[in-house]
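The file run-v9.cif contains mmCIF, C-alpha atoms:
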data_protein
#
loop_
_atom_site.label_atom_id
_atom_site.label_comp_id
_atom_site.auth_asym_id
_atom_site.auth_seq_id
_atom_site.Cartn_x
_atom_site.Cartn_y
_atom_site.Cartn_z
CA MET A 1 -0.18 -46.94 -18.46
CA THR A 2 -0.36 -50.72 -18.71
CA ALA A 3 2.85 -51.17 -16.76
CA ALA A 4 1.73 -48.70 -14.11
CA CYS A 5 -1.66 -50.37 -13.52
CA TYR A 6 -0.45 -53.96 -13.43
CA GLY A 7 2.69 -52.90 -11.57
CA VAL A 8 0.73 -51.16 -8.82
CA ALA A 9 -1.61 -54.16 -8.48
CA ALA A 10 1.29 -56.61 -8.14
CA TRP A 11 3.21 -54.22 -5.84
CA LEU A 12 0.26 -53.84 -3.44
CA LEU A 13 -0.36 -57.59 -3.31
CA LEU A 14 3.31 -58.47 -2.70
CA LEU A 15 3.81 -55.63 -0.21
CA GLY A 16 0.75 -56.76 1.75
CA CYS A 17 1.91 -60.38 1.78
CA LEU A 18 5.42 -59.43 2.94
CA GLY A 19 3.85 -57.24 5.61
CA ILE A 20 1.91 -60.26 6.88
CA VAL A 21 5.11 -62.32 6.95
CA ARG A 22 7.08 -59.67 8.84
CA SER A 23 4.23 -58.61 11.13
CA ARG A 24 4.83 -58.26 14.86
CA HIS A 25 1.32 -57.16 15.78
CA LEU A 26 -1.93 -58.89 14.82
CA VAL A 27 -3.77 -55.65 13.99
CA HIS A 28 -0.87 -54.83 11.66
CA THR A 29 -1.32 -58.28 10.10
CA VAL A 30 -5.01 -57.57 9.42
CA VAL A 31 -4.22 -54.19 7.85
CA CYS A 32 -1.54 -55.84 5.68
CA LEU A 33 -4.17 -58.29 4.44
CA SER A 34 -6.34 -55.32 3.46
CA VAL A 35 -3.41 -53.80 1.57
CA ALA A 36 -2.85 -57.09 -0.27
CA GLN A 37 -6.53 -57.22 -1.17
CA SER A 38 -6.47 -53.68 -2.54
CA GLY A 39 -4.05 -54.97 -5.16
CA THR A 40 -6.91 -57.05 -6.53
CA TYR A 41 -9.15 -53.98 -6.76
CA VAL A 42 -6.54 -52.19 -8.86
CA LEU A 43 -6.13 -55.23 -11.10
CA LEU A 44 -9.88 -55.63 -11.65
CA LEU A 45 -10.44 -51.95 -12.39
CA ALA A 46 -7.43 -51.91 -14.73
CA ILE A 47 -8.84 -54.84 -16.69
CA GLY A 48 -12.15 -53.03 -17.19
CA TYR A 49 -10.70 -49.64 -18.05
CA GLN A 50 -11.04 -48.12 -21.50
CA ASP A 51 -9.42 -44.90 -22.68
CA LYS A 52 -11.81 -41.95 -23.03
CA ALA A 53 -14.79 -44.05 -21.91
CA GLY A 54 -17.28 -42.79 -19.34
CA VAL A 55 -18.68 -44.19 -16.12
CA PRO A 56 -20.94 -47.24 -16.56
CA ILE A 57 -24.13 -45.24 -16.05
CA VAL A 58 -25.85 -44.70 -19.37
CA ASN A 59 -28.60 -42.64 -20.96
CA ALA A 60 -31.57 -44.22 -22.70
CA GLY A 61 -29.69 -44.65 -25.98
CA GLY A 62 -26.53 -46.08 -24.47
CA ARG A 63 -24.37 -44.68 -27.29
CA THR A 64 -21.40 -43.28 -25.41
CA PRO A 65 -18.65 -45.82 -24.66
CA VAL A 66 -18.39 -46.89 -21.01
CA VAL A 67 -15.85 -48.87 -19.02
CA ASP A 68 -16.59 -52.51 -18.15
CA PRO A 69 -19.22 -52.65 -15.34
CA THR A 70 -18.70 -56.38 -14.68
CA VAL A 71 -15.28 -55.96 -13.10
CA GLN A 72 -16.53 -52.96 -11.13
CA ALA A 73 -19.30 -55.12 -9.68
CA MET A 74 -16.67 -57.77 -8.86
CA THR A 75 -14.56 -55.08 -7.17
CA LEU A 76 -17.58 -54.23 -5.03
CA THR A 77 -17.92 -57.89 -4.04
CA ASP A 78 -14.21 -57.90 -3.31
CA ILE A 79 -14.50 -54.87 -1.01
CA VAL A 80 -17.47 -56.40 0.84
CA VAL A 81 -15.56 -59.64 1.38
CA SER A 82 -12.50 -57.69 2.52
CA ALA A 83 -14.57 -55.69 5.03
CA THR A 84 -16.23 -58.77 6.50
CA ILE A 85 -12.92 -60.65 6.73
CA THR A 86 -11.36 -57.65 8.45
CA ALA A 87 -14.20 -57.55 10.98
CA LEU A 88 -13.88 -61.26 11.74
CA LEU A 89 -10.09 -61.13 12.04
CA LEU A 90 -10.25 -58.11 14.36
CA ALA A 91 -12.78 -59.95 16.53
CA LEU A 92 -10.36 -62.90 16.65
CA THR A 93 -7.55 -60.48 17.55
CA VAL A 94 -9.59 -59.13 20.47
CA GLN A 95 -10.19 -62.68 21.69
CA ILE A 96 -6.51 -63.62 21.32
CA SER A 97 -5.51 -60.51 23.21
CA ARG A 98 -7.83 -61.40 26.10
CA ARG A 99 -6.91 -65.08 26.28
CA HIS A 100 -3.16 -64.92 25.66
CA GLY A 101 -2.36 -61.42 26.83
CA THR A 102 -0.35 -60.70 23.68
CA VAL A 103 -0.93 -59.75 20.07
CA ASP A 104 2.56 -60.57 18.82
CA PRO A 105 2.28 -63.56 16.46
CA ASP A 106 5.76 -64.74 17.52
CA GLU A 107 4.67 -65.15 21.12
CA LEU A 108 1.66 -67.27 20.21
CA LYS A 109 3.43 -70.61 20.35
CA ALA A 110 0.95 -73.19 21.57
CA LEU A 111 -2.68 -73.83 20.86
CA ARG A 112 -4.89 -73.42 23.89
CA GLY A 113 -8.50 -74.51 24.11
CA MET B 114 16.52 -60.99 9.46
CA ARG B 115 14.63 -64.10 10.44
CA ALA B 116 14.28 -67.30 8.46
CA ARG B 117 10.61 -66.45 7.98
CA ASP B 118 11.51 -63.16 6.27
CA VAL B 119 13.96 -64.89 3.92
CA ILE B 120 11.37 -67.49 2.91
CA GLY B 121 8.81 -64.74 2.48
CA LEU B 122 11.13 -62.68 0.28
CA VAL B 123 12.01 -65.70 -1.87
CA GLY B 124 8.35 -66.53 -2.28
CA ALA B 125 7.48 -62.93 -3.12
CA ALA B 126 10.26 -62.85 -5.72
CA GLY B 127 8.86 -66.01 -7.27
CA VAL B 128 5.32 -64.63 -7.36
CA ALA B 129 6.65 -61.35 -8.78
CA ALA B 130 8.34 -63.30 -11.60
CA LEU B 131 5.08 -65.13 -12.31
CA PHE B 132 3.21 -61.82 -12.32
CA ALA B 133 5.72 -60.33 -14.76
CA ALA B 134 5.31 -63.35 -17.05
CA ALA B 135 1.51 -63.15 -16.84
CA PHE B 136 1.15 -59.40 -17.19
CA THR B 137 3.30 -59.20 -20.33
CA ARG B 138 0.77 -61.47 -22.05
CA MET B 139 -2.29 -59.61 -20.77
CA PRO B 140 -4.10 -57.13 -23.05
CA ALA B 141 -3.00 -53.50 -22.66
CA VAL B 142 -4.93 -51.36 -20.18
CA GLY B 143 -7.40 -48.99 -21.85
CA GLY B 144 -8.23 -51.15 -24.86
CA THR B 145 -11.65 -51.11 -26.49
CA GLU B 146 -12.34 -54.84 -26.26
CA HIS B 147 -14.61 -55.60 -23.29
CA LEU B 148 -16.77 -58.63 -24.03
CA TYR B 149 -18.75 -58.57 -20.78
CA ARG B 150 -19.44 -54.84 -21.14
CA ASP B 151 -20.86 -55.50 -24.61
CA LEU B 152 -23.16 -58.15 -23.14
CA VAL B 153 -24.19 -56.15 -20.06
CA LEU B 154 -25.02 -52.91 -21.87
CA PRO B 155 -27.90 -54.20 -24.06
CA ALA B 156 -29.21 -56.38 -21.21
CA ALA B 157 -29.29 -53.40 -18.83
CA LEU B 158 -30.97 -51.21 -21.44
CA ARG B 159 -33.64 -53.88 -21.95
CA ALA B 160 -34.19 -53.92 -18.18
CA THR B 161 -34.25 -50.05 -18.08
CA THR B 162 -31.40 -49.88 -15.57
CA PRO B 163 -29.11 -46.88 -16.20
CA ASN B 164 -26.54 -47.96 -13.61
CA LEU B 165 -24.82 -50.91 -15.26
CA VAL B 166 -23.00 -51.92 -12.08
CA SER B 167 -26.32 -52.23 -10.24
CA SER B 168 -27.71 -54.13 -13.19
CA VAL B 169 -24.86 -56.62 -12.86
CA ASN B 170 -25.21 -56.84 -9.09
CA PHE B 171 -28.97 -57.05 -8.69
CA ASP B 172 -30.12 -58.47 -12.03
CA LEU B 173 -27.58 -60.28 -14.18
CA ARG B 174 -25.53 -61.70 -11.31
CA ALA B 175 -28.12 -61.34 -8.55
CA MET B 176 -27.32 -64.89 -7.47
CA ASP B 177 -23.76 -63.81 -6.59
CA THR B 178 -25.14 -60.93 -4.58
CA LEU B 179 -27.23 -63.39 -2.57
CA GLY B 180 -23.97 -65.09 -1.66
CA GLU B 181 -22.33 -61.75 -0.94
CA GLU B 182 -25.20 -60.77 1.32
CA THR B 183 -24.97 -64.09 3.10
CA ILE B 184 -21.26 -63.46 3.68
CA VAL B 185 -22.12 -60.20 5.45
CA ALA B 186 -24.76 -61.96 7.57
CA ALA B 187 -22.32 -64.77 8.38
CA ALA B 188 -19.62 -62.28 9.38
CA VAL B 189 -22.01 -60.52 11.74
CA VAL B 190 -23.04 -63.83 13.29
CA GLY B 191 -19.36 -64.79 13.53
CA VAL B 192 -18.38 -61.59 15.32
CA LEU B 193 -21.36 -61.90 17.69
CA ALA B 194 -20.30 -65.46 18.50
CA LEU B 195 -16.60 -64.57 18.93
CA LEU B 196 -17.10 -61.46 21.01
CA GLN B 197 -19.47 -62.23 23.84
CA PRO B 198 -20.96 -59.08 25.36
CA PRO B 199 -19.02 -57.68 28.33
CA ARG B 200 -20.50 -58.87 31.60
CA ARG B 201 -20.46 -55.54 33.38
CA GLU B 202 -22.72 -52.57 32.70
CA ILE B 203 -21.07 -50.16 30.31
CA PRO B 204 -20.39 -46.93 32.18
CA HIS B 205 -20.89 -43.57 30.55
CA PRO B 206 -17.60 -42.50 28.95
CA ARG B 207 -15.93 -39.70 30.81
CA GLY B 208 -13.79 -38.58 27.88
CA ASN B 209 -13.76 -34.96 26.83
CA VAL B 210 -15.10 -34.12 23.36
CA GLN B 211 -14.19 -30.79 21.81
CA PRO B 212 -17.23 -28.57 21.06
CA ALA B 213 -16.20 -28.29 17.39
CA VAL B 214 -16.19 -32.09 17.03
CA ARG B 215 -19.54 -32.31 18.80
CA PHE B 216 -21.05 -29.59 16.57
CA THR B 217 -19.72 -31.15 13.36
CA GLY B 218 -20.99 -34.55 14.42
CA TRP B 219 -24.53 -33.34 14.98
CA LEU B 220 -24.31 -31.26 11.78
CA LEU B 221 -23.23 -34.20 9.63
CA LEU B 222 -25.62 -36.72 11.18
CA PRO B 223 -28.69 -35.78 9.09
CA VAL B 224 -26.51 -35.25 6.03
CA ALA B 225 -25.05 -38.74 6.33
CA ALA B 226 -28.48 -40.28 6.97
CA LEU B 227 -29.95 -38.54 3.92
CA LEU B 228 -26.96 -39.46 1.78
CA GLY B 229 -27.21 -43.10 2.84
CA LEU B 230 -30.92 -43.27 2.00
CA ASP B 231 -30.30 -41.49 -1.31
CA VAL B 232 -27.50 -43.87 -2.29
CA ILE B 233 -29.70 -46.89 -1.47
CA LEU B 234 -32.91 -45.65 -3.11
CA HIS B 235 -31.25 -44.40 -6.31
CA GLY B 236 -28.94 -47.37 -6.61
CA HIS B 237 -30.36 -48.30 -10.01
CA LEU B 238 -30.10 -44.76 -11.42
CA THR B 239 -26.97 -43.10 -10.03
CA PRO B 240 -23.71 -44.39 -8.55
CA GLY B 241 -24.46 -46.45 -5.48
CA GLY B 242 -26.59 -49.34 -4.36
CA GLY B 243 -27.52 -51.28 -1.28
CA PHE B 244 -24.02 -52.13 -0.06
CA GLN B 245 -22.58 -48.65 -0.38
CA GLY B 246 -25.65 -46.90 1.00
CA GLY B 247 -25.96 -49.37 3.85
CA VAL B 248 -22.40 -48.69 4.96
CA VAL B 249 -22.93 -44.90 4.70
CA LEU B 250 -26.10 -45.21 6.79
CA ALA B 251 -24.47 -47.41 9.44
CA THR B 252 -21.34 -45.31 9.79
CA GLY B 253 -23.40 -42.12 9.76
CA TRP B 254 -25.35 -43.57 12.67
CA HIS B 255 -22.11 -43.71 14.65
CA LEU B 256 -21.59 -39.98 14.28
CA LEU B 257 -23.77 -40.00 17.41
CA TYR B 258 -20.88 -41.66 19.21
CA LEU B 259 -18.20 -39.49 17.58
CA ALA B 260 -20.15 -36.41 18.65
CA GLY B 261 -19.54 -37.62 22.18
CA SER B 262 -22.96 -38.92 22.98
CA TYR B 263 -22.68 -42.64 23.62
CA PRO B 264 -25.90 -42.69 25.69
CA ALA B 265 -27.71 -41.14 22.72
CA LEU B 266 -26.31 -43.85 20.45
CA LEU B 267 -27.43 -46.52 22.94
CA LYS B 268 -30.93 -45.02 22.97
CA LEU B 269 -31.26 -44.55 19.21
CA ARG B 270 -29.85 -47.96 18.34
CA PRO B 271 -32.52 -50.64 18.77
CA LEU B 272 -30.16 -53.61 18.58
CA ASP B 273 -32.86 -56.28 18.91
CA THR B 274 -34.87 -54.79 16.08
CA LEU B 275 -31.75 -54.41 13.96
CA GLU B 276 -30.82 -58.05 14.44
CA TYR B 277 -34.30 -59.06 13.29
CA ALA B 278 -34.13 -56.54 10.42
CA GLU B 279 -30.86 -58.05 9.22
CA ALA B 280 -32.24 -61.57 9.19
CA ALA B 281 -35.55 -60.48 7.68
CA ALA B 282 -33.78 -58.58 4.88
CA THR B 283 -31.65 -61.61 4.05
CA ALA B 284 -34.83 -63.70 3.91
CA ALA B 285 -36.59 -61.04 1.82
CA TYR B 286 -33.86 -61.33 -0.82
CA VAL B 287 -34.52 -65.06 -1.08
CA LEU B 288 -38.29 -64.40 -1.22
CA VAL B 289 -37.84 -62.00 -4.15
CA GLY B 290 -35.81 -64.73 -5.81
CA LEU B 291 -38.53 -67.30 -5.16
CA ALA B 292 -41.14 -64.92 -6.58
CA GLY B 293 -39.06 -64.89 -9.76
CA LEU B 294 -38.94 -68.69 -9.70
CA LEU B 295 -42.71 -69.00 -9.34
CA LEU B 296 -43.86 -66.18 -11.63
CA ALA B 297 -41.13 -65.92 -14.26
CA GLY B 298 -39.68 -69.42 -14.23
CA SER B 299 -36.18 -68.80 -12.89
CA PHE B 300 -34.71 -67.82 -9.52
CA LEU B 301 -34.29 -64.03 -9.07
CA ALA B 302 -35.85 -63.31 -12.47
CA ASN B 303 -37.56 -59.93 -12.74
CA VAL B 304 -41.28 -60.03 -11.87
CA LEU B 305 -42.07 -56.31 -11.59
CA PRO B 306 -42.98 -53.86 -14.37
CA LEU B 307 -39.88 -52.21 -15.81
CA GLY B 308 -41.20 -48.63 -15.82
CA SER B 309 -39.78 -45.77 -17.84
CA PHE B 310 -36.03 -45.37 -18.21
CA GLY B 311 -34.49 -43.22 -15.47
CA SER B 312 -37.51 -42.85 -13.15
CA LEU B 313 -37.37 -43.82 -9.49
CA LEU B 314 -39.82 -46.71 -9.86
CA SER B 315 -38.19 -48.54 -12.74
CA ALA B 316 -35.76 -51.37 -13.45
CA GLY B 317 -38.06 -54.01 -11.96
CA THR B 318 -36.63 -55.86 -8.98
CA VAL B 319 -33.25 -54.05 -9.06
CA PRO B 320 -34.26 -51.23 -6.64
CA VAL B 321 -36.18 -53.72 -4.48
CA LEU B 322 -33.12 -55.92 -4.06
CA SER B 323 -30.97 -52.82 -3.57
CA VAL B 324 -33.17 -51.61 -0.71
CA VAL B 325 -33.27 -55.09 0.83
CA VAL B 326 -29.47 -55.30 0.72
CA GLY B 327 -29.24 -51.74 2.07
CA VAL B 328 -31.34 -52.64 5.11
CA GLU B 329 -29.35 -55.82 5.66
CA VAL B 330 -25.94 -54.13 5.42
CA ALA B 331 -26.92 -51.09 7.51
CA ALA B 332 -28.43 -53.26 10.27
CA GLY B 333 -25.55 -55.74 10.08
CA VAL B 334 -22.81 -53.11 10.33
CA VAL B 335 -24.53 -51.35 13.25
CA VAL B 336 -24.84 -54.66 15.13
CA LEU B 337 -21.23 -55.51 14.26
CA LEU B 338 -19.87 -52.16 15.44
CA SER B 339 -22.03 -52.23 18.58
CA ARG B 340 -20.19 -55.31 19.80
CA PHE B 341 -16.77 -53.83 19.03
CA LEU B 342 -17.74 -50.56 20.74
CA ALA B 343 -19.01 -52.35 23.84
CA HIS B 344 -15.74 -54.23 24.08
CA ALA B 345 -13.52 -51.23 23.45
CA LEU B 346 -15.30 -49.11 26.03
CA GLY B 347 -15.44 -51.94 28.56
CA HIS B 348 -11.70 -52.52 28.23
CA ALA B 349 -10.79 -48.88 28.36
CA ASP B 350 -12.71 -48.60 31.60
CA GLU B 351 -11.03 -51.65 33.08
CA GLU B 352 -7.56 -50.32 32.35
CA SER B 353 -8.23 -46.86 33.76
CA ARG B 354 -9.24 -48.30 37.13
#
For this file, produce the structure as structure tokens.
Amino acid sequence: MTAACYGVAAWLLLLGCLGIVRSRHLVHTVVCLSVAQSGTYVLLLAIGYQDKAGVPIVNAGGRTPVVDPTVQAMTLTDIVVSATITALLLALTVQISRRHGTVDPDELKALRG
Amino acid sequence: MRARDVIGLVGAAGVAALFAAAFTRMPAVGGTEHLYRDLVLPAALRATTPNLVSSVNFDLRAMDTLGEETIVAAAVVGVLALLQPPRREIPHPRGNVQPAVRFTGWLLLPVAALLGLDVILHGHLTPGGGFQGGVVLATGWHLLYLAGSYPALLKLRPLDTLEYAEAAATAAYVLVGLAGLLLAGSFLANVLPLGSFGSLLSAGTVPVLSVVVGVEVAAGVVVLLSRFLAHALGHADEESR
């Protein structure tokens, strides 16, 4: 269980990063970044998980054990940041495509104002 | 294999080794020791908020959510600045939409709208909150486009109002925080009656902030997608000519 959770988190992060390195299309690069970021979601949720504990929504007594809500809230922040970054990067990709006529990172050699 | 790939692989191997070293010293997944959970649970019960995640987002760490909300606003402003509106009038799309898709789109539109409102309004009681509900609302709105009716989307999407709504909601969040500063002595402190546990009007400022964030995210995402849609449709038209 432990190995699976941490392993998946590390695998997603590394896979996303390698995808960015090997990318030949800027939209692919943006999606790879999203994949890398999903590794952090898995890690956060794994840290907060507890065996046989319920969702962090409680009754008045609050007796039943629940998983850690703090990391879930951080995961939500993480997802929001990821979504906004994706939107901005895709907007940049559209602009690059219009100005340079290509979305292959290898063909973007020089800076142009 | 390019030099870049080799460097990337070497770096990834190094990071993987660091991960392996770090993860072997981390506590096992599924353990019972969660210090923050033990702090959040009594605090949320005192504030009569059943949804602990909302309690963290809109009460205990409401300051972080202000930053998070500002990130969304900044991203919308950034996209609007990066993608200037296309100069030409956007023609009506001539694409063909299957009747089944059109029917399902119209069928799901009210469902998505209701679900979005429900997720926002009950954010302090059931799973959900302003961010999630706002995204459901904004994407549900675009079922109008998926159902093949871009003119309908243009008509039922008051962009000017939505831009003002987004800014006003961001300001409203700060105003709720200032009310806490003036009335309760600290920024974003609760100033409303807590109500009875589990009722719609309870948990103090948590549902208020949730609704404010819901408005901000829904308006922001619609404005964001409007610019992308205008560009995509403008380009598609240019290429087909």
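One finds atom CA of Asp78 of chain A at 17.4 Å from atom CA of Leu165 of chain B.
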Original post:
Suppose you want the space between atom CA of Asn164 of chain B and atom CA of Val58 of chain A; what is it in Å?
Top reply: 6.7 Å
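Using all atoms listed in the file, the shortest contact distance between Leu250 of chain B and any of B:Leu322, B:Val232, B:Ala194, B:Leu266 is found at B:Val232.
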Original post:
On this structure, which residues satisfy the PyMOL selection byres ((chain A) within 9 of (chain B)), written as a ChimeraX atom specification?
Top reply: /A:1-3,5-7,10-11,14-15,17-18,21-22,46-53,56-62,65-74,76-77,80-81,83-85,87-92,94-95
Original post:
Expanded to explicit residues, what is the PyMOL selection byres ((chain A and resi 34) around 10) for this file, as a PyMOL selection string?
Top reply: chain A and resi 12-13+16-17+28-33+35-39+79+82-83+85-86
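Atom CA of Val103 of chain A lies 20.6 Å from atom CA of Ala116 of chain B.
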Please fill the gaps in segment 53-84 of chain A so it has N, CA and C atoms, and write that as a PDB file, in the frame of the given file.
ATOM      1  N   ALA A  53     -13.447 -43.535 -22.123  1.00  0.00           N
ATOM      2  CA  ALA A  53     -14.790 -44.050 -21.910  1.00  0.00           C
ATOM      3  C   ALA A  53     -15.336 -43.507 -20.600  1.00  0.00           C
ATOM      4  N   GLY A  54     -16.664 -43.395 -20.514  1.00  0.00           N
ATOM      5  CA  GLY A  54     -17.280 -42.790 -19.340  1.00  0.00           C
ATOM      6  C   GLY A  54     -17.595 -43.810 -18.262  1.00  0.00           C
ATOM      7  N   VAL A  55     -18.245 -43.316 -17.201  1.00  0.00           N
ATOM      8  CA  VAL A  55     -18.680 -44.190 -16.120  1.00  0.00           C
ATOM      9  C   VAL A  55     -19.781 -45.113 -16.623  1.00  0.00           C
ATOM     10  N   PRO A  56     -19.929 -46.309 -16.047  1.00  0.00           N
ATOM     11  CA  PRO A  56     -20.940 -47.240 -16.560  1.00  0.00           C
ATOM     12  C   PRO A  56     -22.353 -46.900 -16.101  1.00  0.00           C
ATOM     13  N   ILE A  57     -22.746 -45.659 -16.329  1.00  0.00           N
ATOM     14  CA  ILE A  57     -24.130 -45.240 -16.050  1.00  0.00           C
ATOM     15  C   ILE A  57     -24.594 -44.533 -17.313  1.00  0.00           C
ATOM     16  N   VAL A  58     -25.580 -45.089 -17.994  1.00  0.00           N
ATOM     17  CA  VAL A  58     -25.850 -44.700 -19.370  1.00  0.00           C
ATOM     18  C   VAL A  58     -27.177 -43.942 -19.483  1.00  0.00           C
ATOM     19  N   ASN A  59     -27.327 -43.260 -20.605  1.00  0.00           N
ATOM     20  CA  ASN A  59     -28.600 -42.640 -20.960  1.00  0.00           C
ATOM     21  C   ASN A  59     -29.441 -43.678 -21.715  1.00  0.00           C
ATOM     22  N   ALA A  60     -30.653 -43.270 -22.093  1.00  0.00           N
ATOM     23  CA  ALA A  60     -31.570 -44.220 -22.700  1.00  0.00           C
ATOM     24  C   ALA A  60     -30.968 -44.862 -23.960  1.00  0.00           C
ATOM     25  N   GLY A  61     -30.233 -44.085 -24.759  1.00  0.00           N
ATOM     26  CA  GLY A  61     -29.690 -44.650 -25.980  1.00  0.00           C
ATOM     27  C   GLY A  61     -28.539 -45.607 -25.733  1.00  0.00           C
ATOM     28  N   GLY A  62     -27.694 -45.267 -24.742  1.00  0.00           N
ATOM     29  CA  GLY A  62     -26.530 -46.080 -24.470  1.00  0.00           C
ATOM     30  C   GLY A  62     -25.483 -45.998 -25.564  1.00  0.00           C
ATOM     31  N   ARG A  63     -25.302 -44.798 -26.166  1.00  0.00           N
ATOM     32  CA  ARG A  63     -24.370 -44.680 -27.290  1.00  0.00           C
ATOM     33  C   ARG A  63     -22.936 -44.447 -26.843  1.00  0.00           C
ATOM     34  N   THR A  64     -22.761 -43.624 -25.795  1.00  0.00           N
ATOM     35  CA  THR A  64     -21.400 -43.280 -25.410  1.00  0.00           C
ATOM     36  C   THR A  64     -20.677 -44.509 -24.853  1.00  0.00           C
ATOM     37  N   PRO A  65     -19.378 -44.662 -25.179  1.00  0.00           N
ATOM     38  CA  PRO A  65     -18.650 -45.820 -24.660  1.00  0.00           C
ATOM     39  C   PRO A  65     -18.465 -45.724 -23.148  1.00  0.00           C
ATOM     40  N   VAL A  66     -18.576 -46.849 -22.463  1.00  0.00           N
ATOM     41  CA  VAL A  66     -18.390 -46.890 -21.010  1.00  0.00           C
ATOM     42  C   VAL A  66     -17.359 -47.962 -20.679  1.00  0.00           C
ATOM     43  N   VAL A  67     -16.798 -47.845 -19.473  1.00  0.00           N
ATOM     44  CA  VAL A  67     -15.850 -48.870 -19.020  1.00  0.00           C
ATOM     45  C   VAL A  67     -16.648 -50.116 -18.605  1.00  0.00           C
ATOM     46  N   ASP A  68     -15.942 -51.223 -18.409  1.00  0.00           N
ATOM     47  CA  ASP A  68     -16.590 -52.510 -18.150  1.00  0.00           C
ATOM     48  C   ASP A  68     -17.254 -52.523 -16.760  1.00  0.00           C
ATOM     49  N   PRO A  69     -18.577 -52.642 -16.666  1.00  0.00           N
ATOM     50  CA  PRO A  69     -19.220 -52.650 -15.340  1.00  0.00           C
ATOM     51  C   PRO A  69     -19.052 -53.977 -14.602  1.00  0.00           C
ATOM     52  N   THR A  70     -18.765 -55.061 -15.329  1.00  0.00           N
ATOM     53  CA  THR A  70     -18.700 -56.380 -14.680  1.00  0.00           C
ATOM     54  C   THR A  70     -17.579 -56.422 -13.646  1.00  0.00           C
ATOM     55  N   VAL A  71     -16.400 -55.913 -14.040  1.00  0.00           N
ATOM     56  CA  VAL A  71     -15.280 -55.960 -13.100  1.00  0.00           C
ATOM     57  C   VAL A  71     -15.499 -54.981 -11.953  1.00  0.00           C
ATOM     58  N   GLN A  72     -16.238 -53.883 -12.234  1.00  0.00           N
ATOM     59  CA  GLN A  72     -16.530 -52.960 -11.130  1.00  0.00           C
ATOM     60  C   GLN A  72     -17.440 -53.629 -10.112  1.00  0.00           C
ATOM     61  N   ALA A  73     -18.426 -54.397 -10.601  1.00  0.00           N
ATOM     62  CA  ALA A  73     -19.300 -55.120  -9.680  1.00  0.00           C
ATOM     63  C   ALA A  73     -18.491 -56.150  -8.891  1.00  0.00           C
ATOM     64  N   MET A  74     -17.513 -56.794  -9.565  1.00  0.00           N
ATOM     65  CA  MET A  74     -16.670 -57.770  -8.860  1.00  0.00           C
ATOM     66  C   MET A  74     -15.805 -57.072  -7.818  1.00  0.00           C
ATOM     67  N   THR A  75     -15.341 -55.837  -8.146  1.00  0.00           N
ATOM     68  CA  THR A  75     -14.560 -55.080  -7.170  1.00  0.00           C
ATOM     69  C   THR A  75     -15.404 -54.794  -5.932  1.00  0.00           C
ATOM     70  N   LEU A  76     -16.686 -54.483  -6.165  1.00  0.00           N
ATOM     71  CA  LEU A  76     -17.580 -54.230  -5.030  1.00  0.00           C
ATOM     72  C   LEU A  76     -17.693 -55.479  -4.158  1.00  0.00           C
ATOM     73  N   THR A  77     -17.880 -56.630  -4.786  1.00  0.00           N
ATOM     74  CA  THR A  77     -17.920 -57.890  -4.040  1.00  0.00           C
ATOM     75  C   THR A  77     -16.635 -58.072  -3.245  1.00  0.00           C
ATOM     76  N   ASP A  78     -15.528 -57.773  -3.905  1.00  0.00           N
ATOM     77  CA  ASP A  78     -14.210 -57.900  -3.310  1.00  0.00           C
ATOM     78  C   ASP A  78     -14.104 -57.040  -2.043  1.00  0.00           C
ATOM     79  N   ILE A  79     -14.584 -55.798  -2.145  1.00  0.00           N
ATOM     80  CA  ILE A  79     -14.500 -54.870  -1.010  1.00  0.00           C
ATOM     81  C   ILE A  79     -15.372 -55.377   0.143  1.00  0.00           C
ATOM     82  N   VAL A  80     -16.576 -55.888  -0.213  1.00  0.00           N
ATOM     83  CA  VAL A  80     -17.470 -56.400   0.840  1.00  0.00           C
ATOM     84  C   VAL A  80     -16.816 -57.574   1.557  1.00  0.00           C
ATOM     85  N   VAL A  81     -16.237 -58.491   0.773  1.00  0.00           N
ATOM     86  CA  VAL A  81     -15.560 -59.640   1.380  1.00  0.00           C
ATOM     87  C   VAL A  81     -14.419 -59.168   2.260  1.00  0.00           C
ATOM     88  N   SER A  82     -13.634 -58.205   1.752  1.00  0.00           N
ATOM     89  CA  SER A  82     -12.500 -57.690   2.520  1.00  0.00           C
ATOM     90  C   SER A  82     -12.967 -57.096   3.845  1.00  0.00           C
ATOM     91  N   ALA A  83     -14.076 -56.326   3.800  1.00  0.00           N
ATOM     92  CA  ALA A  83     -14.570 -55.690   5.030  1.00  0.00           C
ATOM     93  C   ALA A  83     -15.027 -56.730   6.036  1.00  0.00           C
ATOM     94  N   THR A  84     -15.738 -57.772   5.562  1.00  0.00           N
ATOM     95  CA  THR A  84     -16.230 -58.770   6.500  1.00  0.00           C
ATOM     96  C   THR A  84     -15.082 -59.582   7.092  1.00  0.00           C
TER      97      THR A  84
END
